[in-house]
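Here is the file coords04.pdb (PDB, C-alpha atoms and all ligand atoms).
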ATOM      1  CA  MET P   1      11.815 184.898   4.612  1.00  0.00           C
ATOM      2  CA  THR P   2      12.734 187.939   6.726  1.00  0.00           C
ATOM      3  CA  GLU P   3      10.086 189.487   8.967  1.00  0.00           C
ATOM      4  CA  GLN P   4       9.825 192.423   6.561  1.00  0.00           C
ATOM      5  CA  GLN P   5       9.162 190.039   3.660  1.00  0.00           C
ATOM      6  CA  LEU P   6       6.496 188.247   5.704  1.00  0.00           C
ATOM      7  CA  ARG P   7       4.848 191.603   6.514  1.00  0.00           C
ATOM      8  CA  GLU P   8       4.798 192.549   2.839  1.00  0.00           C
ATOM      9  CA  GLN P   9       3.464 189.133   1.810  1.00  0.00           C
ATOM     10  CA  LEU P  10       0.674 189.313   4.408  1.00  0.00           C
ATOM     11  CA  VAL P  11      -0.391 192.719   3.046  1.00  0.00           C
ATOM     12  CA  GLU P  12      -0.218 191.468  -0.557  1.00  0.00           C
ATOM     13  CA  ILE P  13      -2.236 188.301   0.102  1.00  0.00           C
ATOM     14  CA  GLY P  14      -4.795 190.228   2.172  1.00  0.00           C
ATOM     15  CA  ALA P  15      -5.298 192.697  -0.683  1.00  0.00           C
ATOM     16  CA  SER P  16      -5.558 189.884  -3.225  1.00  0.00           C
ATOM     17  CA  LEU P  17      -8.203 188.026  -1.186  1.00  0.00           C
ATOM     18  CA  PHE P  18     -10.122 191.272  -0.700  1.00  0.00           C
ATOM     19  CA  ASP P  19      -9.904 192.364  -4.340  1.00  0.00           C
ATOM     20  CA  ARG P  20     -11.313 189.029  -5.508  1.00  0.00           C
ATOM     21  CA  GLY P  21     -14.214 189.098  -3.045  1.00  0.00           C
ATOM     22  CA  PHE P  22     -13.021 186.366  -0.677  1.00  0.00           C
ATOM     23  CA  SER P  23     -13.337 188.926   2.097  1.00  0.00           C
ATOM     24  CA  VAL P  24     -15.487 192.057   2.419  1.00  0.00           C
ATOM     25  CA  GLY P  25     -15.492 194.978   4.861  1.00  0.00           C
ATOM     26  CA  SER P  26     -13.427 194.109   7.932  1.00  0.00           C
ATOM     27  CA  ALA P  27     -14.228 190.375   7.769  1.00  0.00           C
ATOM     28  CA  GLY P  28     -11.503 187.752   8.017  1.00  0.00           C
ATOM     29  CA  ASN P  29      -7.997 187.785   9.427  1.00  0.00           C
ATOM     30  CA  LEU P  30      -4.524 186.439   8.651  1.00  0.00           C
ATOM     31  CA  SER P  31      -1.525 185.468  10.753  1.00  0.00           C
ATOM     32  CA  VAL P  32       1.977 184.187  10.092  1.00  0.00           C
ATOM     33  CA  ARG P  33       4.702 182.715  12.303  1.00  0.00           C
ATOM     34  CA  THR P  34       7.924 184.736  12.612  1.00  0.00           C
ATOM     35  CA  ARG P  35      11.220 184.097  14.399  1.00  0.00           C
ATOM     36  CA  ASP P  36       9.956 186.115  17.400  1.00  0.00           C
ATOM     37  CA  GLY P  37       6.343 184.890  17.485  1.00  0.00           C
ATOM     38  CA  PHE P  38       3.490 185.861  15.194  1.00  0.00           C
ATOM     39  CA  LEU P  39       2.235 188.729  13.046  1.00  0.00           C
ATOM     40  CA  MET P  40      -1.524 189.183  12.770  1.00  0.00           C
ATOM     41  CA  THR P  41      -4.013 191.506  11.122  1.00  0.00           C
ATOM     42  CA  PRO P  42      -5.190 194.211  13.576  1.00  0.00           C
ATOM     43  CA  THR P  43      -8.660 194.234  15.118  1.00  0.00           C
ATOM     44  CA  ASN P  44     -11.342 195.805  12.885  1.00  0.00           C
ATOM     45  CA  SER P  45      -8.964 196.062   9.931  1.00  0.00           C
ATOM     46  CA  SER P  46      -9.881 195.351   6.315  1.00  0.00           C
ATOM     47  CA  LEU P  47      -7.799 192.766   4.457  1.00  0.00           C
ATOM     48  CA  GLY P  48      -7.905 195.181   1.533  1.00  0.00           C
ATOM     49  CA  ARG P  49      -6.216 198.038   3.359  1.00  0.00           C
ATOM     50  CA  LEU P  50      -3.430 196.562   5.503  1.00  0.00           C
ATOM     51  CA  THR P  51       0.004 198.186   5.745  1.00  0.00           C
ATOM     52  CA  ALA P  52       3.247 196.323   6.399  1.00  0.00           C
ATOM     53  CA  ASP P  53       4.313 198.568   9.300  1.00  0.00           C
ATOM     54  CA  SER P  54       0.945 198.380  11.078  1.00  0.00           C
ATOM     55  CA  LEU P  55       0.414 194.703  11.980  1.00  0.00           C
ATOM     56  CA  ALA P  56      -0.158 193.249  15.445  1.00  0.00           C
ATOM     57  CA  GLU P  57       2.958 191.603  16.889  1.00  0.00           C
ATOM     58  CA  LEU P  58       2.623 188.698  19.335  1.00  0.00           C
ATOM     59  CA  ASP P  59       5.363 186.764  21.122  1.00  0.00           C
ATOM     60  CA  HIS P  60       5.603 182.972  21.291  1.00  0.00           C
ATOM     61  CA  GLY P  61       3.223 183.012  24.271  1.00  0.00           C
ATOM     62  CA  TRP P  62       0.635 185.030  22.302  1.00  0.00           C
ATOM     63  CA  ASN P  63       1.187 188.202  24.334  1.00  0.00           C
ATOM     64  CA  HIS P  64       0.609 191.409  22.364  1.00  0.00           C
ATOM     65  CA  VAL P  65       4.059 193.024  22.206  1.00  0.00           C
ATOM     66  CA  GLY P  66       3.854 195.618  19.416  1.00  0.00           C
ATOM     67  CA  GLY P  67       1.794 197.307  16.730  1.00  0.00           C
ATOM     68  CA  PRO P  68      -2.013 197.655  16.907  1.00  0.00           C
ATOM     69  CA  ARG P  69      -4.130 195.176  18.884  1.00  0.00           C
ATOM     70  CA  PRO P  70      -4.672 191.827  17.111  1.00  0.00           C
ATOM     71  CA  SER P  71      -8.057 190.629  15.853  1.00  0.00           C
ATOM     72  CA  LYS P  72     -10.263 189.324  18.650  1.00  0.00           C
ATOM     73  CA  GLU P  73     -10.356 186.018  16.748  1.00  0.00           C
ATOM     74  CA  VAL P  74      -6.725 185.405  17.723  1.00  0.00           C
ATOM     75  CA  VAL P  75      -7.848 182.503  19.942  1.00  0.00           C
ATOM     76  CA  MET P  76      -8.817 180.464  16.858  1.00  0.00           C
ATOM     77  CA  HIS P  77      -5.468 181.102  15.166  1.00  0.00           C
ATOM     78  CA  ARG P  78      -3.615 179.997  18.273  1.00  0.00           C
ATOM     79  CA  ALA P  79      -5.586 176.742  18.399  1.00  0.00           C
ATOM     80  CA  LEU P  80      -4.562 175.826  14.835  1.00  0.00           C
ATOM     81  CA  TYR P  81      -0.852 176.591  15.367  1.00  0.00           C
ATOM     82  CA  GLU P  82      -0.808 174.535  18.541  1.00  0.00           C
ATOM     83  CA  VAL P  83      -2.558 171.520  17.001  1.00  0.00           C
ATOM     84  CA  ARG P  84      -1.035 171.485  13.480  1.00  0.00           C
ATOM     85  CA  PRO P  85       2.749 171.079  13.612  1.00  0.00           C
ATOM     86  CA  GLU P  86       3.147 172.166   9.973  1.00  0.00           C
ATOM     87  CA  ALA P  87       1.304 175.456  10.503  1.00  0.00           C
ATOM     88  CA  GLN P  88       3.334 178.533   9.579  1.00  0.00           C
ATOM     89  CA  ALA P  89       0.301 180.652   8.691  1.00  0.00           C
ATOM     90  CA  VAL P  90      -3.452 180.744   9.273  1.00  0.00           C
ATOM     91  CA  VAL P  91      -6.167 182.271   7.064  1.00  0.00           C
ATOM     92  CA  HIS P  92      -9.680 182.896   8.401  1.00  0.00           C
ATOM     93  CA  LEU P  93     -12.390 184.029   5.962  1.00  0.00           C
ATOM     94  CA  HIS P  94     -16.144 184.642   5.938  1.00  0.00           C
ATOM     95  CA  SER P  95     -16.206 183.834   2.204  1.00  0.00           C
ATOM     96  CA  THR P  96     -19.729 183.576   0.831  1.00  0.00           C
ATOM     97  CA  TYR P  97     -20.165 179.938  -0.193  1.00  0.00           C
ATOM     98  CA  VAL P  98     -18.334 178.350   2.726  1.00  0.00           C
ATOM     99  CA  THR P  99     -20.425 180.508   5.030  1.00  0.00           C
ATOM    100  CA  ALA P 100     -23.575 179.489   3.143  1.00  0.00           C
ATOM    101  CA  VAL P 101     -22.661 175.803   3.562  1.00  0.00           C
ATOM    102  CA  SER P 102     -21.941 176.460   7.243  1.00  0.00           C
ATOM    103  CA  CYS P 103     -25.556 177.613   7.685  1.00  0.00           C
ATOM    104  CA  LEU P 104     -27.179 174.483   6.199  1.00  0.00           C
ATOM    105  CA  ALA P 105     -29.005 172.242   8.645  1.00  0.00           C
ATOM    106  CA  GLU P 106     -28.041 169.055   6.756  1.00  0.00           C
ATOM    107  CA  GLU P 107     -26.014 166.185   8.191  1.00  0.00           C
ATOM    108  CA  GLY P 108     -23.058 164.548   6.459  1.00  0.00           C
ATOM    109  CA  PRO P 109     -19.834 165.903   4.943  1.00  0.00           C
ATOM    110  CA  VAL P 110     -20.044 169.671   4.892  1.00  0.00           C
ATOM    111  CA  ILE P 111     -18.256 170.014   1.555  1.00  0.00           C
ATOM    112  CA  PRO P 112     -17.928 166.834  -0.562  1.00  0.00           C
ATOM    113  CA  ALA P 113     -14.628 165.753  -2.144  1.00  0.00           C
ATOM    114  CA  LEU P 114     -15.566 166.443  -5.768  1.00  0.00           C
ATOM    115  CA  THR P 115     -12.176 167.398  -7.222  1.00  0.00           C
ATOM    116  CA  PRO P 116      -8.538 166.315  -6.787  1.00  0.00           C
ATOM    117  CA  TYR P 117      -7.349 169.797  -5.766  1.00  0.00           C
ATOM    118  CA  PHE P 118      -9.803 169.829  -2.905  1.00  0.00           C
ATOM    119  CA  VAL P 119      -8.306 166.560  -1.623  1.00  0.00           C
ATOM    120  CA  MET P 120      -4.717 167.725  -2.184  1.00  0.00           C
ATOM    121  CA  ARG P 121      -5.073 171.189  -0.618  1.00  0.00           C
ATOM    122  CA  VAL P 122      -7.676 170.578   2.060  1.00  0.00           C
ATOM    123  CA  GLY P 123      -7.946 166.813   2.641  1.00  0.00           C
ATOM    124  CA  ARG P 124     -10.598 164.161   2.359  1.00  0.00           C
ATOM    125  CA  GLU P 125     -13.205 165.868   4.490  1.00  0.00           C
ATOM    126  CA  VAL P 126     -13.582 169.179   6.275  1.00  0.00           C
ATOM    127  CA  PRO P 127     -14.952 168.998   9.811  1.00  0.00           C
ATOM    128  CA  MET P 128     -17.348 171.642  11.131  1.00  0.00           C
ATOM    129  CA  VAL P 129     -17.464 173.039  14.650  1.00  0.00           C
ATOM    130  CA  PRO P 130     -20.713 174.362  16.173  1.00  0.00           C
ATOM    131  CA  TYR P 131     -21.472 178.075  16.333  1.00  0.00           C
ATOM    132  CA  PHE P 132     -19.690 180.218  18.909  1.00  0.00           C
ATOM    133  CA  ARG P 133     -19.738 184.007  19.186  1.00  0.00           C
ATOM    134  CA  PRO P 134     -16.725 185.421  17.246  1.00  0.00           C
ATOM    135  CA  GLY P 135     -13.822 185.980  19.615  1.00  0.00           C
ATOM    136  CA  SER P 136     -15.302 183.614  22.219  1.00  0.00           C
ATOM    137  CA  ALA P 137     -12.710 181.445  23.972  1.00  0.00           C
ATOM    138  CA  GLU P 138     -15.281 178.646  24.167  1.00  0.00           C
ATOM    139  CA  VAL P 139     -14.603 177.562  20.589  1.00  0.00           C
ATOM    140  CA  ASP P 140     -11.172 176.337  21.658  1.00  0.00           C
ATOM    141  CA  VAL P 141     -11.843 172.695  22.615  1.00  0.00           C
ATOM    142  CA  GLU P 142     -14.076 171.947  19.609  1.00  0.00           C
ATOM    143  CA  LEU P 143     -11.749 173.725  17.193  1.00  0.00           C
ATOM    144  CA  ARG P 144      -8.666 171.870  18.409  1.00  0.00           C
ATOM    145  CA  ALA P 145     -10.449 168.526  18.057  1.00  0.00           C
ATOM    146  CA  ALA P 146     -11.545 169.404  14.505  1.00  0.00           C
ATOM    147  CA  ALA P 147      -8.130 170.738  13.447  1.00  0.00           C
ATOM    148  CA  ARG P 148      -6.502 167.463  14.483  1.00  0.00           C
ATOM    149  CA  GLN P 149      -8.426 165.867  11.582  1.00  0.00           C
ATOM    150  CA  GLY P 150      -7.088 168.250   8.941  1.00  0.00           C
ATOM    151  CA  PRO P 151      -5.787 171.746   8.174  1.00  0.00           C
ATOM    152  CA  ALA P 152      -9.191 173.246   7.291  1.00  0.00           C
ATOM    153  CA  VAL P 153     -12.241 173.664   9.521  1.00  0.00           C
ATOM    154  CA  VAL P 154     -15.684 175.116   8.791  1.00  0.00           C
ATOM    155  CA  LEU P 155     -17.157 177.272  11.569  1.00  0.00           C
ATOM    156  CA  ALA P 156     -20.944 176.974  11.727  1.00  0.00           C
ATOM    157  CA  ASN P 157     -22.798 180.174  10.722  1.00  0.00           C
ATOM    158  CA  HIS P 158     -19.440 181.952  10.438  1.00  0.00           C
ATOM    159  CA  GLY P 159     -16.844 180.879   7.810  1.00  0.00           C
ATOM    160  CA  SER P 160     -13.608 178.901   7.485  1.00  0.00           C
ATOM    161  CA  ILE P 161     -10.208 178.704   9.126  1.00  0.00           C
ATOM    162  CA  VAL P 162      -7.245 177.062   7.401  1.00  0.00           C
ATOM    163  CA  ALA P 163      -3.621 176.412   8.416  1.00  0.00           C
ATOM    164  CA  GLY P 164      -0.759 176.064   5.945  1.00  0.00           C
ATOM    165  CA  GLU P 165       3.011 175.700   5.620  1.00  0.00           C
ATOM    166  CA  SER P 166       3.141 179.317   4.390  1.00  0.00           C
ATOM    167  CA  LEU P 167       0.781 182.236   3.939  1.00  0.00           C
ATOM    168  CA  GLU P 168       0.532 181.354   0.279  1.00  0.00           C
ATOM    169  CA  ALA P 169      -0.321 177.705   1.020  1.00  0.00           C
ATOM    170  CA  ALA P 170      -2.938 178.622   3.632  1.00  0.00           C
ATOM    171  CA  SER P 171      -4.476 181.182   1.297  1.00  0.00           C
ATOM    172  CA  ASN P 172      -4.521 178.729  -1.624  1.00  0.00           C
ATOM    173  CA  ALA P 173      -6.255 176.119   0.535  1.00  0.00           C
ATOM    174  CA  ALA P 174      -8.812 178.642   1.817  1.00  0.00           C
ATOM    175  CA  GLU P 175      -9.579 179.633  -1.790  1.00  0.00           C
ATOM    176  CA  GLU P 176      -9.882 175.986  -2.839  1.00  0.00           C
ATOM    177  CA  LEU P 177     -12.298 175.411   0.036  1.00  0.00           C
ATOM    178  CA  GLU P 178     -14.440 178.393  -1.008  1.00  0.00           C
ATOM    179  CA  VAL P 179     -14.561 177.282  -4.651  1.00  0.00           C
ATOM    180  CA  SER P 180     -15.385 173.724  -3.571  1.00  0.00           C
ATOM    181  CA  ALA P 181     -18.292 175.047  -1.517  1.00  0.00           C
ATOM    182  CA  GLN P 182     -19.435 176.973  -4.597  1.00  0.00           C
ATOM    183  CA  LEU P 183     -19.225 173.783  -6.694  1.00  0.00           C
ATOM    184  CA  ALA P 184     -21.220 171.885  -4.075  1.00  0.00           C
ATOM    185  CA  PHE P 185     -24.030 174.426  -4.441  1.00  0.00           C
ATOM    186  CA  LEU P 186     -23.883 174.333  -8.240  1.00  0.00           C
ATOM    187  CA  VAL P 187     -24.369 170.562  -8.379  1.00  0.00           C
ATOM    188  CA  ARG P 188     -26.447 169.957  -5.283  1.00  0.00           C
ATOM    189  CA  ASP P 189     -29.780 169.328  -7.036  1.00  0.00           C
ATOM    190  CA  ARG P 190     -28.225 166.999  -9.596  1.00  0.00           C
ATOM    191  CA  SER P 191     -26.882 163.474  -9.578  1.00  0.00           C
ATOM    192  CA  VAL P 192     -23.228 163.811  -8.545  1.00  0.00           C
ATOM    193  CA  ARG P 193     -20.225 161.519  -9.170  1.00  0.00           C
ATOM    194  CA  PRO P 194     -17.874 162.219  -6.249  1.00  0.00           C
ATOM    195  CA  LEU P 195     -14.292 160.930  -6.262  1.00  0.00           C
ATOM    196  CA  THR P 196     -14.126 157.266  -5.340  1.00  0.00           C
ATOM    197  CA  GLU P 197     -12.358 156.056  -2.222  1.00  0.00           C
ATOM    198  CA  ALA P 198      -9.515 154.659  -4.405  1.00  0.00           C
ATOM    199  CA  GLN P 199      -9.139 157.997  -6.211  1.00  0.00           C
ATOM    200  CA  ILE P 200      -9.024 159.880  -2.901  1.00  0.00           C
ATOM    201  CA  GLN P 201      -6.514 157.449  -1.430  1.00  0.00           C
ATOM    202  CA  GLU P 202      -4.224 157.797  -4.473  1.00  0.00           C
ATOM    203  CA  LEU P 203      -4.183 161.591  -3.956  1.00  0.00           C
ATOM    204  CA  LEU P 204      -3.523 161.312  -0.227  1.00  0.00           C
ATOM    205  CA  ASP P 205      -0.645 158.851  -0.812  1.00  0.00           C
TER     206      ASP P 205
HETATM  207 ZN    ZN I   1     -14.655 185.533  11.761  1.00  0.00          ZN
END

Same coordinates, now as structure tokens:
Amino acid sequence: MTEQQLREQLVEIGASLFDRGFSVGSAGNLSVRTRDGFLMTPTNSSLGRLTADSLAELDHGWNHVGGPRPSKEVVMHRALYEVRPEAQAVVHLHSTYVTAVSCLAEEGPVIPALTPYFVMRVGREVPMVPYFRPGSAEVDVELRAAARQGPAVVLANHGSIVAGESLEAASNAAEELEVSAQLAFLVRDRSVRPLTEAQIQELLD
């Protein structure tokens, strides 16, 4: 894809996530790797109202080199790219059900592996990192450790961050994670039949 195509795709996916309620107001941010570095949604921008010629441009060293200033959550995006070799794009959302799950005081897997698409898009289990103020550099060590376990991480009292081989893949996985969190709430007071270890292993193989 050319840089222009990546810009247009980032705008299109941002609008789609916004229109379907995966992001509200100025919450959430997207980034994608380009030949020259990275493109990222600007600080305080709404995913629903991005324009292709007004995205933050960063070089390979994450210096801001063009366009508006990037989101202050850029530190989290950088951590995922540097830990996940397959990462070509990162999607960060404050989607409602993942954020709800991230506020629960319970122990154990944050979002259970109930469906095959969860396992295929997100993995066996999604780790959660403790709460840090948005934009804080202190999240870095915990986030890197969590992202080594898989492409998706839940941020306590905040939302999700997901890496993918493309913007579309990262967005699909972030949506799958949100719907899985919704499912977990729907069934949580009932007796649940999660996927068995053999079923999970078959999907991962
Ligand atoms: Zn955030």

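Taking only C-alpha atoms and all ligand atoms into account, ligand ZN 1 (chain I) has within 10 Å the residues Ser26, Ala27, Gly28, Asn29, Ser71, Lys72, Glu73, Val74, Met76, His92, Leu93, His94, Ser95, Arg133, Pro134, Gly135, Leu155, Asn157, His158, Gly159, Ser160 and Ile161 of chain P.
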
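This file, queried with the PyMOL selection byres (((chain P and resi 20) around 12) and not hetatm), gives the residues P:Ile13, P:Gly14, P:Ala15, P:Ser16, P:Leu17, P:Phe18, P:Asp19, P:Gly21, P:Phe22, P:Ser23, P:Val24, P:Leu47, P:Gly48, P:Ser95, P:Thr96, P:Glu175, P:Glu178.
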
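Nearest-residue note for Arg193 of chain P: choosing from P:Ala79, P:Leu114, P:Leu6, P:Gly25, the minimum distance belongs to P:Leu114, counting all atoms listed in the file.
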
message: Can you tell me which residues surround Ala145 of chain P at a distance of at most 10 Å, considering all atoms listed in the file, apart from same-chain residues fewer than 5 positions away, and format the answer as a PyMOL selection string?
response: chain P and resi 79-80+83+127+129+140+150

- request: Quick one: everything within 8 Å of Glu165 of chain P, counting all atoms listed in the file, minus sequence neighbours fewer than 4 positions away in the same chain. Send it as a PyMOL selection string.
  value: chain P and resi 86-89+169-170

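Straight-line separation from atom CA of Thr196 of chain P to atom CA of Ile111 of chain P: 15.1 Å.
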
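Distances here use only C-alpha atoms; by that measure, the residue among P:Val122, P:Val192, P:Ala52, P:Val141 closest to Ala174 of chain P is P:Val122.
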
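Distance check against Phe118 of chain P using all atoms listed in the file: of P:Ser180, P:Ser171, P:Thr43, P:Thr99, the minimum falls on P:Ser180.
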
- prompt: To one decimal place, how far is atom CA of Gly66 of chain P from atom CA of Met1 of chain P in Å?
  reply: 19.9 Å

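Across the model, the gap from atom CA of Glu197 of chain P to atom CA of Leu183 of chain P is 19.5 Å.
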
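With only C-alpha atoms as the basis for measurement, P:Val11 is the residue among P:Val11, P:Leu30, P:Ala173, P:Val75 that approaches Asp53 of chain P most closely.
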
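Summary of the local environment: counting all atoms listed in the file, residues at most 12 Å from Arg7 of chain P, other than itself and those fewer than 5 positions away along its chain, are Met1, Thr2, Glu12, Ile13, Gly14, Leu30, Ser31, Val32, Arg33, Thr34, Phe38, Leu39, Met40, Thr41, Leu50, Thr51, Ala52, Asp53, Ser54, Leu55, Ala56, Glu57 and Leu167 of chain P.
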
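Evaluated against the shown file, the PyMOL selection byres (((chain P and resi 117) around 12) and not hetatm) gives Ala113, Leu114, Thr115, Pro116, Phe118, Val119, Met120, Arg121, Val122, Gly123, Arg124, Asn172, Ala173, Ala174, Glu175, Glu176, Leu177, Val179, Ser180, Leu195, Gln199, Ile200, Leu203 and Leu204 of chain P.
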
- line: Shortest contact to Tyr97 of chain P, candidates P:Tyr81, P:Val110, P:His60, P:Arg144, atoms counted all atoms listed in the file, goes to P:Val110

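The shortest atom-to-atom distance to Ser166 of chain P, with all atoms listed in the file taken into account, belongs to P:Val90 out of P:Ser46, P:Val90, P:Ala147, P:Asp36.
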